Each structure stands twice: as C-alpha cells, then as structure tokens.
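Trainee: Supplied in structure tokens, the structure appears directly below.
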Amino acid sequence: MKIERVWYPETGDVTARLCGAALSPLSLLYRAGLGLRGGAGASAGAGCPVLSVGNLTVGGNGKTPLALELCRLAQMNGLRPALVFRGYGRRTGEVRVAHRPGARPPAWQDVGDEPAFLARRLPDLPMVVGRDRVAAALLAVREFSPDLVVCDDAFQHRALHRDLDILAWNARRGAGNGRLLPAGPLREPLSAARRADLVVFVNAASRPLEVLRAQHGLPAGVPAVGCDLVPEGWVAAGDWSRLLAAPGAGAFLGVCAIAHPGGFLESCRRAGIELAGSLAFRDHHAFSKRELADITARARALGAAGVLTTEKDLVRLEGAAIGLPVFALRLSLRWGDGAEELLVRRLLELVERSCRSDGE
C-alpha cells in the first residue's frame, strides 16, 4: 500500500485508516524528537532580514512557487533578495553558491532540482544551497549583500532567526489523517502554525479565510491570505526563455517526480491537454538510463506526440535521450483580493525596519 493512501485516506477506506493507527506508536517517537530536531535553543541571525517559507506537511504545498513569487515581488519593488535552499537531490551537502546573477544556470546534480529550475525562471536572483541554513544564509549575505534573505523550507529550522515566518498550506489536501510522521503527513502538530506570521492558503484564492482556518483545524488569529496555482504556459526543453501557449497537437505522456503527481496531471487537463497516459516517480527522483528508455517506449507505444512534465523535472529530463519533444508546464501564483498588496507591504516594512535599526 502506498503511504499516500494511508496519509490521505478516502471516505470508507478502513484499511488505510487501520494502517495509520498501526503506525501511530512511531509517530509518538517522532514527536519526542521534534524539540531536538527543531532547534529549541537560541537562534542565530544572518545580518539582514530573513523571511522563511515553509509548511507543516510533507511536500506538495506550493512553498517553492511561493518562495519564487515572493522574490519576484521583492525585485519588482526595488529590493534585492537572495534565495536559500537546502538543495535536495544534489551530489553533496556542502554550503555553496548555487547561482550568481548573469551566470550560466547550474546543473541540477550540483545544486538540486529546485534551485536549478528557479535559476532559469529568475536568472538575476542570487541563490545559495546548504543543509546548514544558518551557514547558507550567512554566505548569501557575505556574497551578495541582499536586502532580504528568503529561506525555502525552513519553518522547522529554528536555529536560524527569522523576521517573517510564512506557512504554505494546500487547501485541497490539508493535513490528511491529521497524524504526525510516519503515520500521517504532518511534520509538526497543527498547533505549530501559531509560530507563523502569515498563512498562505494555496488553491484557495476566492474562498473565505475564516472558513478555511476552521475546516483545516488551524489556530485562529494568525493572519492569512489565499492564492491559486494556475497554468501560465509551456516551456520546451532547451528553451526556457520562450513561453508557449500550447505544447502542440495530439495526446501526450505525463511524467513527473514530485510529491503529489495528481496535482500536476490535473493541471495539464485544466490546461486543455489530452493525456495518453502517465508515469510517476518519487519526489526529486534522478532518472536512470533504463527509466528514460522506459519513458520513451511507453510514449511511443501510446502514440504520444511528446512528453509533458514539471519545470522541476525538466532540468533532469532535458538533454536526456528520450527521442521525443519534452515540454514543461509553467505554473504561476494568482493572488486573492488584497493579498499581493499585503505581502508587498510586509516585505517593504521588513527591510525598512532593518535599515532603521542599522542607522540607530
């Protein structure tokens, strides 16, 4: 049984619920270690304002598109952000500069798939990767002198002082069975959302925020906004600068290695694409030569016109010997009423406060 079925059981799925209950003793052990892993001691500053984007559940919450959008908004309003990642899926775990503005986009093997594709989306955005978020943030400040460090997936990394903690929450999937890992998808109890300065409900731009808080069991009183992830267009392998309205005619094979492949496939369908079939792999998966050959064979057997994937997966698939056109779906955030203005105001206030403190 796939763990996703246990974490997000359908109504009446008794087997999945029993499996979740059986795993509950392990969740108690996990909970006992949360204090040590979270860094309960004093936190270290980076020397400039730090904004954290994170989540309470494992994967698929839209935090990376949210981090990208926050950096874009900061740049549009005259700020100089730097983006810090852990860098999942790369060869080594050392702290290093992942991308310098104006430089050639990095290989995913060196920096991880998410920084690799974001360097292609925002080529003038400096990026640093490292498991040690404190060291990574300090390197970003030393190398790029930013106004603001945006730290991806750092809600649980409390060793780094944050000036603004933003929590991404998938309004479609929620907390599943409500259990902690490994019995459920929660990294921390829902009460941990009280640490957030702002909750961003993804896939909920037009839904009432108070209803969403109550529906998902999140603490009242934490400010919240809503947004949607919407298809923006298509990017062809090898040409990230040109956005296509459609990948072409015919049916396609959908291929992805992300936390929740169903969301990607549904986005393709909403974009008007006919899918001949699909293949899903685990998140951050590095495709082997055999798997690439299987993708090609499956696509040709189905008579597919090409392969559709995510931007995160495209950095691993472009250049591979697939023998068919490969396109990635580009998603962008569309904010609910007043959300963009609120976020821009918070970003500017954050940097302004830092400038005032430096001048005192």
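Starting from 1 in every chain, residues are counted up; chains themselves are A, B, ... following the order of the structure tokens, and ligands are numbered from 1 as listed.
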Could you give me, as a list in words, the residues within 6 Å of A:Asn177, counting only C-alpha atoms and dropping anything in the same chain fewer than 2 positions from it?
Mentor: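 So the residues in contact are Trp7, Tyr8 and Arg179 of chain A.
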Trainee: With a distance cut-off of 6 Å and only C-alpha atoms, select the neighbouring residues of stretch 153-163 of chain A, excluding the residue or stretch itself and same-chain residues fewer than 3 positions from it, and output the selection as an mmCIF file with N, CA and C atoms, in the first residue's frame.
Mentor:
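The resulting file, result_18.cif, is reproduced below:
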data_model
loop_
_atom_site.group_PDB
_atom_site.id
_atom_site.type_symbol
_atom_site.label_atom_id
_atom_site.label_comp_id
_atom_site.auth_asym_id
_atom_site.auth_seq_id
_atom_site.Cartn_x
_atom_site.Cartn_y
_atom_site.Cartn_z
ATOM 1 N N GLY A 38 14.151 20.471 16.003
ATOM 2 C CA GLY A 38 13.714 21.808 15.634
ATOM 3 C C GLY A 38 14.652 22.911 16.074
ATOM 4 N N GLY A 39 15.526 22.621 17.012
ATOM 5 C CA GLY A 39 16.453 23.656 17.463
ATOM 6 C C GLY A 39 15.802 24.550 18.489
ATOM 7 N N SER A 43 18.485 31.219 18.490
ATOM 8 C CA SER A 43 18.650 31.212 17.038
ATOM 9 C C SER A 43 19.694 32.243 16.623
ATOM 10 N N ALA A 44 20.350 31.972 15.498
ATOM 11 C CA ALA A 44 21.403 32.857 15.004
ATOM 12 C C ALA A 44 20.873 33.739 13.896
ATOM 13 N N GLY A 45 21.273 35.004 13.895
ATOM 14 C CA GLY A 45 20.875 35.929 12.851
ATOM 15 C C GLY A 45 21.787 35.833 11.642
ATOM 16 N N PRO A 49 17.459 40.970 7.159
ATOM 17 C CA PRO A 49 16.159 40.340 7.399
ATOM 18 C C PRO A 49 16.046 38.980 6.707
ATOM 19 N N VAL A 50 15.444 38.027 7.409
ATOM 20 C CA VAL A 50 15.251 36.676 6.874
ATOM 21 C C VAL A 50 13.760 36.367 6.847
ATOM 22 N N LEU A 51 13.289 35.944 5.688
ATOM 23 C CA LEU A 51 11.906 35.517 5.509
ATOM 24 C C LEU A 51 11.923 34.015 5.250
ATOM 25 N N SER A 52 11.202 33.253 6.048
ATOM 26 C CA SER A 52 11.125 31.803 5.885
ATOM 27 C C SER A 52 9.809 31.424 5.217
ATOM 28 N N VAL A 53 9.898 30.511 4.238
ATOM 29 C CA VAL A 53 8.707 29.927 3.621
ATOM 30 C C VAL A 53 8.742 28.427 3.894
ATOM 31 N N GLY A 54 7.732 27.924 4.568
ATOM 32 C CA GLY A 54 7.745 26.506 4.923
ATOM 33 C C GLY A 54 6.359 25.917 4.956
ATOM 34 N N VAL A 134 21.787 28.274 8.617
ATOM 35 C CA VAL A 134 22.479 29.437 9.171
ATOM 36 C C VAL A 134 23.700 29.763 8.323
#
Trainee: Which neighbours of A:Gly226 fall inside 8 Å, counting only C-alpha atoms, when residues of the same chain fewer than 6 positions from it are skipped, and could you give them as an NGL selection string?
Mentor: :A and (200-207 or 209 or 335-336 or 339)
Trainee: Write down as a PyMOL selection string the residues belonging to stretch 176-256 of chain A that are assigned strand (DSSP E or B) by DSSP computed on the backbone.
Mentor: chain A and resi 180+186+198-202+224-236+239-244+252-256
Trainee: Just to be explicit: take each residue in the selection above, keep C-alpha atoms, and write the result as a JSON list (two decimals), in the first residue's frame.
Mentor:
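Ended up saving to result20.json:
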[["chain", "number", "residue", "atom", "x", "y", "z"],
["A", 180, "LEU", "CA", 2.43, 13.07, 12.65],
["A", 186, "LEU", "CA", 2.41, 16.23, 9.47],
["A", 198, "LEU", "CA", 1.22, 34.60, 7.88],
["A", 199, "VAL", "CA", -0.53, 31.54, 6.43],
["A", 200, "VAL", "CA", -0.88, 31.35, 2.64],
["A", 201, "PHE", "CA", -3.72, 29.05, 1.58],
["A", 202, "VAL", "CA", -2.72, 27.65, -1.82],
["A", 224, "ALA", "CA", -3.92, 34.59, 6.24],
["A", 225, "VAL", "CA", -4.21, 35.19, 2.51],
["A", 226, "GLY", "CA", -5.22, 32.97, -0.40],
["A", 227, "CYS", "CA", -3.80, 32.22, -3.82],
["A", 228, "ASP", "CA", -4.17, 29.80, -6.73],
["A", 229, "LEU", "CA", -1.53, 27.99, -8.77],
["A", 230, "VAL", "CA", -2.61, 28.48, -12.36],
["A", 231, "PRO", "CA", -1.16, 27.29, -15.69],
["A", 232, "GLU", "CA", 0.76, 30.09, -17.40],
["A", 233, "GLY", "CA", 2.08, 28.27, -20.46],
["A", 234, "TRP", "CA", 4.61, 25.71, -21.64],
["A", 235, "VAL", "CA", 8.41, 25.66, -21.84],
["A", 236, "ALA", "CA", 10.23, 23.49, -24.37],
["A", 239, "ASP", "CA", 14.49, 26.99, -24.41],
["A", 240, "TRP", "CA", 13.35, 28.37, -21.06],
["A", 241, "SER", "CA", 13.11, 31.94, -22.30],
["A", 242, "ARG", "CA", 10.13, 31.40, -24.61],
["A", 243, "LEU", "CA", 6.68, 30.67, -23.20],
["A", 244, "LEU", "CA", 4.38, 28.64, -25.46],
["A", 252, "PHE", "CA", 0.96, 13.41, -24.54],
["A", 253, "LEU", "CA", 2.55, 11.23, -21.88],
["A", 254, "GLY", "CA", 2.68, 12.94, -18.47],
["A", 255, "VAL", "CA", 5.87, 12.24, -16.48],
["A", 256, "CYS", "CA", 6.71, 13.69, -13.08]]
Trainee: A:His99, A:Arg334, A:Arg187, A:Arg270: which is nearest A:Asn55, counting only C-alpha atoms?
Mentor: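 The answer is A:Arg187, which sits nearest to A:Asn55.
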Trainee: Excluding same-chain residues fewer than 2 positions from A:Glu274, what lies within 9 Å of it counting only C-alpha atoms, as a list of chain:residue names?
Mentor: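 So, after excluding close chain neighbours, the residues are A:Gly250, A:Ala251, A:Phe252, A:Leu253, A:Cys268, A:Arg269, A:Gly272, A:Ala276.
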Trainee: Measure the distance from atom CA of A:Pro126 to atom CA of A:Ala46 in Å and round it to one decimal.
Mentor: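 Pair atom CA of A:Pro126 / atom CA of A:Ala46 returns 15.7 Å.
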Trainee: I'd like the neighbourhood of A:Leu317 as a ChimeraX atom specification, where a residue qualifies if any of its atoms comes within 10 Å (using only C-alpha atoms), though same-chain residues fewer than 6 positions away should be ignored.
Mentor: /A:237,255-256,286-287,292,307,309-311,326-328
Trainee: Please list as a compact mmCIF listing (two decimals) with N, CA and C atoms, in the first residue's frame every residue within 9 Å of stretch 62-73 of chain A, counting only C-alpha atoms and excluding residues in the same chain fewer than 6 positions away.
Mentor:
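The resulting file, around.txt, is shown below:
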# COMPACT_ATOMS: atom_id res chain seq x y z
N SER A 52 11.20 33.25 6.05
CA SER A 52 11.13 31.80 5.88
C SER A 52 9.81 31.42 5.22
N VAL A 53 9.90 30.51 4.24
CA VAL A 53 8.71 29.93 3.62
C VAL A 53 8.74 28.43 3.89
N GLY A 54 7.73 27.92 4.57
CA GLY A 54 7.75 26.51 4.92
C GLY A 54 6.36 25.92 4.96
N ASN A 55 6.27 24.73 5.55
CA ASN A 55 4.97 24.05 5.64
C ASN A 55 4.95 23.13 6.85
N LEU A 79 13.68 45.83 -4.26
CA LEU A 79 14.51 45.14 -3.26
C LEU A 79 15.46 44.16 -3.93
N ARG A 80 16.49 43.76 -3.19
CA ARG A 80 17.49 42.81 -3.69
C ARG A 80 17.46 41.55 -2.82
N PRO A 81 16.59 40.58 -3.16
CA PRO A 81 16.53 39.36 -2.36
C PRO A 81 17.59 38.35 -2.78
N ALA A 82 17.91 37.44 -1.87
CA ALA A 82 18.70 36.24 -2.17
C ALA A 82 17.90 35.05 -1.67
N LEU A 83 17.99 33.94 -2.36
CA LEU A 83 17.18 32.76 -2.05
C LEU A 83 18.09 31.65 -1.54
N GLU A 114 15.32 22.05 -7.58
CA GLU A 114 14.57 23.28 -7.41
C GLU A 114 15.41 24.53 -7.68
N LEU A 118 14.72 27.21 -10.78
CA LEU A 118 14.45 28.60 -10.41
C LEU A 118 15.50 29.55 -10.98
N ARG A 121 14.16 30.40 -14.19
CA ARG A 121 12.98 31.27 -14.12
C ARG A 121 13.35 32.70 -13.77
N LEU A 122 14.24 32.88 -12.79
CA LEU A 122 14.68 34.21 -12.36
C LEU A 122 16.21 34.26 -12.43
N LEU A 125 18.43 36.30 -9.91
CA LEU A 125 18.23 36.07 -8.48
C LEU A 125 19.40 35.26 -7.92
N VAL A 150 15.45 35.10 1.53
CA VAL A 150 14.26 34.23 1.54
C VAL A 150 14.75 32.80 1.68
N CYS A 151 14.31 32.13 2.73
CA CYS A 151 14.79 30.78 3.04
C CYS A 151 13.67 29.78 2.78
N ASP A 152 13.88 28.90 1.80
CA ASP A 152 12.87 27.91 1.41
C ASP A 152 12.91 26.71 2.36
N ASP A 153 11.72 26.25 2.76
CA ASP A 153 11.56 25.05 3.58
C ASP A 153 12.32 25.16 4.90
N LEU A 167 3.80 30.40 6.23
CA LEU A 167 3.44 28.98 6.17
C LEU A 167 2.55 28.73 4.96
N ALA A 168 3.00 27.87 4.04
CA ALA A 168 2.19 27.49 2.88
C ALA A 168 1.30 26.32 3.27
N TRP A 169 0.03 26.40 2.87
CA TRP A 169 -0.94 25.36 3.25
C TRP A 169 -1.78 25.00 2.03
N ASN A 170 -1.74 23.73 1.63
CA ASN A 170 -2.52 23.26 0.49
C ASN A 170 -3.97 23.09 0.90
N VAL A 200 -0.44 31.18 4.02
CA VAL A 200 -0.88 31.35 2.64
C VAL A 200 -1.60 30.07 2.23
N VAL A 202 -2.93 27.88 -0.39
CA VAL A 202 -2.72 27.65 -1.82
C VAL A 202 -3.93 26.88 -2.37
N LEU A 229 -2.58 28.33 -7.81
CA LEU A 229 -1.53 27.99 -8.77
C LEU A 229 -2.21 27.74 -10.10
N LEU A 331 3.66 27.03 -13.98
CA LEU A 331 2.58 27.49 -13.10
C LEU A 331 2.99 28.81 -12.47
N SER A 332 2.01 29.67 -12.25
CA SER A 332 2.27 30.93 -11.55
C SER A 332 1.21 31.13 -10.48
N LEU A 333 1.51 31.99 -9.51
CA LEU A 333 0.57 32.28 -8.44
C LEU A 333 -0.37 33.41 -8.83
N GLU A 340 -1.66 40.41 -2.63
CA GLU A 340 -0.38 40.89 -3.16
C GLU A 340 0.02 42.20 -2.49
N LEU A 343 1.36 41.51 1.01
CA LEU A 343 2.69 40.92 1.02
C LEU A 343 3.77 41.94 0.66
N VAL A 344 3.49 42.77 -0.33
CA VAL A 344 4.46 43.80 -0.69
C VAL A 344 4.69 44.74 0.49
N LEU A 347 6.91 43.02 3.04
CA LEU A 347 8.31 42.95 2.58
C LEU A 347 9.01 44.30 2.76
Trainee: Could you name the residues that touch stretch 13-30 of chain A at 12 Å or less, counting only C-alpha atoms, but leaving out those on the same chain fewer than 2 positions away, as a PyMOL selection string?
Mentor: chain A and resi 1-11+32-38+176-189
Trainee: Please write the residues from the selection above to a file, keeping N, CA and C atoms, as a tab-separated table (two decimals), in the first residue's frame.
Mentor:
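Result saved to result_1.tsv:
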chain	number	residue	atom	x	y	z
A	1	MET	N	0.83	-1.19	0.00
A	1	MET	CA	0.00	0.00	0.00
A	1	MET	C	0.87	1.25	0.00
A	2	LYS	N	0.56	2.20	-0.88
A	2	LYS	CA	1.32	3.44	-0.92
A	2	LYS	C	1.00	4.28	0.31
A	3	ILE	N	2.05	4.93	0.84
A	3	ILE	CA	1.89	5.72	2.06
A	3	ILE	C	0.92	6.88	1.86
A	4	GLU	N	0.83	7.40	0.63
A	4	GLU	CA	-0.11	8.49	0.35
A	4	GLU	C	-1.55	8.06	0.66
A	5	ARG	N	-1.87	6.81	0.39
A	5	ARG	CA	-3.22	6.31	0.67
A	5	ARG	C	-3.48	6.29	2.17
A	6	VAL	N	-2.44	6.00	2.95
A	6	VAL	CA	-2.58	6.00	4.42
A	6	VAL	C	-2.72	7.42	4.94
A	7	TRP	N	-1.91	8.34	4.40
A	7	TRP	CA	-1.93	9.71	4.89
A	7	TRP	C	-3.20	10.46	4.50
A	8	TYR	N	-3.70	10.19	3.29
A	8	TYR	CA	-4.89	10.89	2.79
A	8	TYR	C	-5.96	9.86	2.42
A	9	PRO	N	-6.53	9.17	3.44
A	9	PRO	CA	-7.49	8.10	3.15
A	9	PRO	C	-8.81	8.64	2.61
A	10	GLU	N	-9.35	7.94	1.66
A	10	GLU	CA	-10.67	8.29	1.15
A	10	GLU	C	-11.74	7.84	2.14
A	11	THR	N	-12.90	8.46	2.06
A	11	THR	CA	-14.01	8.10	2.94
A	11	THR	C	-14.32	6.61	2.79
A	32	ALA	N	8.60	12.92	20.05
A	32	ALA	CA	9.56	13.10	21.14
A	32	ALA	C	10.85	13.75	20.67
A	33	GLY	N	11.19	13.53	19.38
A	33	GLY	CA	12.42	14.10	18.86
A	33	GLY	C	12.26	15.47	18.23
A	34	LEU	N	11.03	15.99	18.18
A	34	LEU	CA	10.81	17.27	17.50
A	34	LEU	C	11.58	18.42	18.14
A	35	GLY	N	11.62	18.45	19.48
A	35	GLY	CA	12.31	19.55	20.16
A	35	GLY	C	13.78	19.61	19.81
A	36	LEU	N	14.44	18.44	19.81
A	36	LEU	CA	15.86	18.40	19.48
A	36	LEU	C	16.10	18.77	18.04
A	37	ARG	N	15.29	18.22	17.13
A	37	ARG	CA	15.50	18.47	15.71
A	37	ARG	C	15.14	19.89	15.32
A	38	GLY	N	14.15	20.47	16.00
A	38	GLY	CA	13.71	21.81	15.63
A	38	GLY	C	14.65	22.91	16.07
A	176	GLY	N	-4.57	15.76	5.84
A	176	GLY	CA	-4.84	14.33	5.66
A	176	GLY	C	-5.49	13.72	6.89
A	177	ASN	N	-4.89	12.64	7.41
A	177	ASN	CA	-5.47	11.97	8.58
A	177	ASN	C	-5.14	12.68	9.89
A	178	GLY	N	-4.36	13.78	9.80
A	178	GLY	CA	-4.08	14.58	10.98
A	178	GLY	C	-3.00	14.02	11.88
A	179	ARG	N	-2.29	12.97	11.45
A	179	ARG	CA	-1.26	12.34	12.28
A	179	ARG	C	0.13	12.85	11.91
A	180	LEU	N	1.03	12.74	12.89
A	180	LEU	CA	2.43	13.07	12.65
A	180	LEU	C	3.12	11.96	11.86
A	181	LEU	N	4.23	12.30	11.20
A	181	LEU	CA	5.05	11.30	10.53
A	181	LEU	C	5.44	10.18	11.51
A	182	PRO	N	5.53	8.94	11.05
A	182	PRO	CA	5.25	8.44	9.70
A	182	PRO	C	3.80	7.99	9.50
A	183	ALA	N	2.97	8.08	10.53
A	183	ALA	CA	1.57	7.64	10.41
A	183	ALA	C	0.75	8.60	9.56
A	184	GLY	N	1.18	9.86	9.48
A	184	GLY	CA	0.47	10.87	8.71
A	184	GLY	C	1.46	11.81	8.06
A	185	PRO	N	0.97	12.84	7.37
A	185	PRO	CA	1.87	13.73	6.63
A	185	PRO	C	2.41	14.90	7.43
A	186	LEU	N	2.03	15.05	8.70
A	186	LEU	CA	2.41	16.23	9.47
A	186	LEU	C	3.84	16.16	9.98
A	187	ARG	N	4.60	17.23	9.72
A	187	ARG	CA	5.94	17.36	10.29
A	187	ARG	C	5.89	17.81	11.74
A	188	GLU	N	4.85	18.59	12.08
A	188	GLU	CA	4.63	19.10	13.42
A	188	GLU	C	3.13	19.09	13.68
A	189	PRO	N	2.72	19.17	14.95
A	189	PRO	CA	1.29	19.30	15.23
A	189	PRO	C	0.72	20.58	14.62
Trainee: Which is closer to A:His260 than all the others in A:Gly60, A:Gly248, A:Pro123, A:Pro325, using only C-alpha atoms?
Mentor: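 Distance minimum relative to A:His260 lands on A:Gly60.
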Trainee: So, counting only C-alpha atoms, which residue among A:Ile322, A:Ser278, A:Cys48, A:Gly59 is closest to A:Ala259?
Mentor: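 Checking each of A:Ile322, A:Ser278, A:Cys48, A:Gly59 against A:Ala259, counting only C-alpha atoms, the winner is A:Gly59.
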Trainee: Go through A:Ala320, A:Ala107, A:Leu218, A:Ala136 one by one, measure the shortest atom-to-atom distance of each to A:Lys289 using only C-alpha atoms, and give the residue with the smallest value.
Mentor: A:Ala320
Trainee: Please extract the residues of stretch 64-276 of chain A with a backbone DSSP assignment of alpha helix (DSSP H) and present them as a PDB file with C-alpha atoms, in the first residue's frame.
Mentor:
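Saved the output as states-v6.pdb:
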ATOM      1  CA  THR A  64       8.683  26.691  -3.703  1.00  0.00           C
ATOM      2  CA  PRO A  65       6.424  28.583  -6.167  1.00  0.00           C
ATOM      3  CA  LEU A  66       5.538  30.826  -3.217  1.00  0.00           C
ATOM      4  CA  ALA A  67       9.216  31.492  -2.458  1.00  0.00           C
ATOM      5  CA  LEU A  68       9.783  32.299  -6.131  1.00  0.00           C
ATOM      6  CA  GLU A  69       6.815  34.681  -6.168  1.00  0.00           C
ATOM      7  CA  LEU A  70       7.988  36.476  -3.023  1.00  0.00           C
ATOM      8  CA  CYS A  71      11.409  37.016  -4.606  1.00  0.00           C
ATOM      9  CA  ARG A  72       9.745  38.286  -7.779  1.00  0.00           C
ATOM     10  CA  LEU A  73       7.577  40.715  -5.803  1.00  0.00           C
ATOM     11  CA  ALA A  74      10.627  41.915  -3.864  1.00  0.00           C
ATOM     12  CA  GLN A  75      12.539  42.588  -7.089  1.00  0.00           C
ATOM     13  CA  MET A  76       9.576  44.364  -8.682  1.00  0.00           C
ATOM     14  CA  TRP A 108      20.782  20.096 -11.065  1.00  0.00           C
ATOM     15  CA  GLN A 109      23.325  17.492  -9.923  1.00  0.00           C
ATOM     16  CA  ASP A 110      25.381  20.267  -8.311  1.00  0.00           C
ATOM     17  CA  VAL A 111      22.665  22.332  -6.621  1.00  0.00           C
ATOM     18  CA  ASP A 113      16.452  20.364  -8.962  1.00  0.00           C
ATOM     19  CA  GLU A 114      14.566  23.280  -7.406  1.00  0.00           C
ATOM     20  CA  PRO A 115      17.446  25.822  -7.456  1.00  0.00           C
ATOM     21  CA  ALA A 116      18.336  24.623 -10.975  1.00  0.00           C
ATOM     22  CA  PHE A 117      14.906  25.377 -12.401  1.00  0.00           C
ATOM     23  CA  LEU A 118      14.447  28.600 -10.412  1.00  0.00           C
ATOM     24  CA  ALA A 119      17.761  29.902 -11.762  1.00  0.00           C
ATOM     25  CA  ARG A 120      16.198  29.513 -15.205  1.00  0.00           C
ATOM     26  CA  ARG A 121      12.979  31.266 -14.118  1.00  0.00           C
ATOM     27  CA  ARG A 133      20.565  27.090   6.852  1.00  0.00           C
ATOM     28  CA  VAL A 134      22.479  29.437   9.171  1.00  0.00           C
ATOM     29  CA  ALA A 135      25.709  28.957   7.228  1.00  0.00           C
ATOM     30  CA  ALA A 136      23.838  29.233   3.923  1.00  0.00           C
ATOM     31  CA  ALA A 137      22.146  32.494   4.923  1.00  0.00           C
ATOM     32  CA  LEU A 138      25.449  33.944   6.150  1.00  0.00           C
ATOM     33  CA  LEU A 139      27.108  33.007   2.848  1.00  0.00           C
ATOM     34  CA  ALA A 140      24.278  34.665   0.901  1.00  0.00           C
ATOM     35  CA  VAL A 141      24.742  37.888   2.885  1.00  0.00           C
ATOM     36  CA  ARG A 142      28.510  37.812   2.512  1.00  0.00           C
ATOM     37  CA  GLU A 143      28.499  37.109  -1.224  1.00  0.00           C
ATOM     38  CA  PHE A 144      25.544  39.211  -2.417  1.00  0.00           C
ATOM     39  CA  LEU A 209     -10.246  32.580   5.025  1.00  0.00           C
ATOM     40  CA  GLU A 210     -12.061  32.016   8.322  1.00  0.00           C
ATOM     41  CA  VAL A 211     -13.870  29.034   6.824  1.00  0.00           C
ATOM     42  CA  LEU A 212     -10.529  27.621   5.632  1.00  0.00           C
ATOM     43  CA  ARG A 213      -8.950  28.021   9.082  1.00  0.00           C
ATOM     44  CA  ALA A 214     -11.817  26.179  10.736  1.00  0.00           C
ATOM     45  CA  GLN A 215     -12.003  23.496   8.042  1.00  0.00           C
ATOM     46  CA  HIS A 216      -8.298  22.643   8.352  1.00  0.00           C
ATOM     47  CA  PRO A 261       1.672  13.844  -9.103  1.00  0.00           C
ATOM     48  CA  GLY A 262      -2.119  14.015  -9.248  1.00  0.00           C
ATOM     49  CA  GLY A 263      -1.981  17.796  -8.962  1.00  0.00           C
ATOM     50  CA  PHE A 264       0.313  18.080 -11.982  1.00  0.00           C
ATOM     51  CA  LEU A 265      -1.825  15.774 -14.116  1.00  0.00           C
ATOM     52  CA  GLU A 266      -4.966  17.691 -13.160  1.00  0.00           C
ATOM     53  CA  SER A 267      -3.237  20.981 -14.089  1.00  0.00           C
ATOM     54  CA  CYS A 268      -2.440  19.522 -17.522  1.00  0.00           C
ATOM     55  CA  ARG A 269      -6.086  18.592 -18.020  1.00  0.00           C
ATOM     56  CA  ARG A 270      -7.250  22.017 -16.871  1.00  0.00           C
TER      57      ARG A 270
END
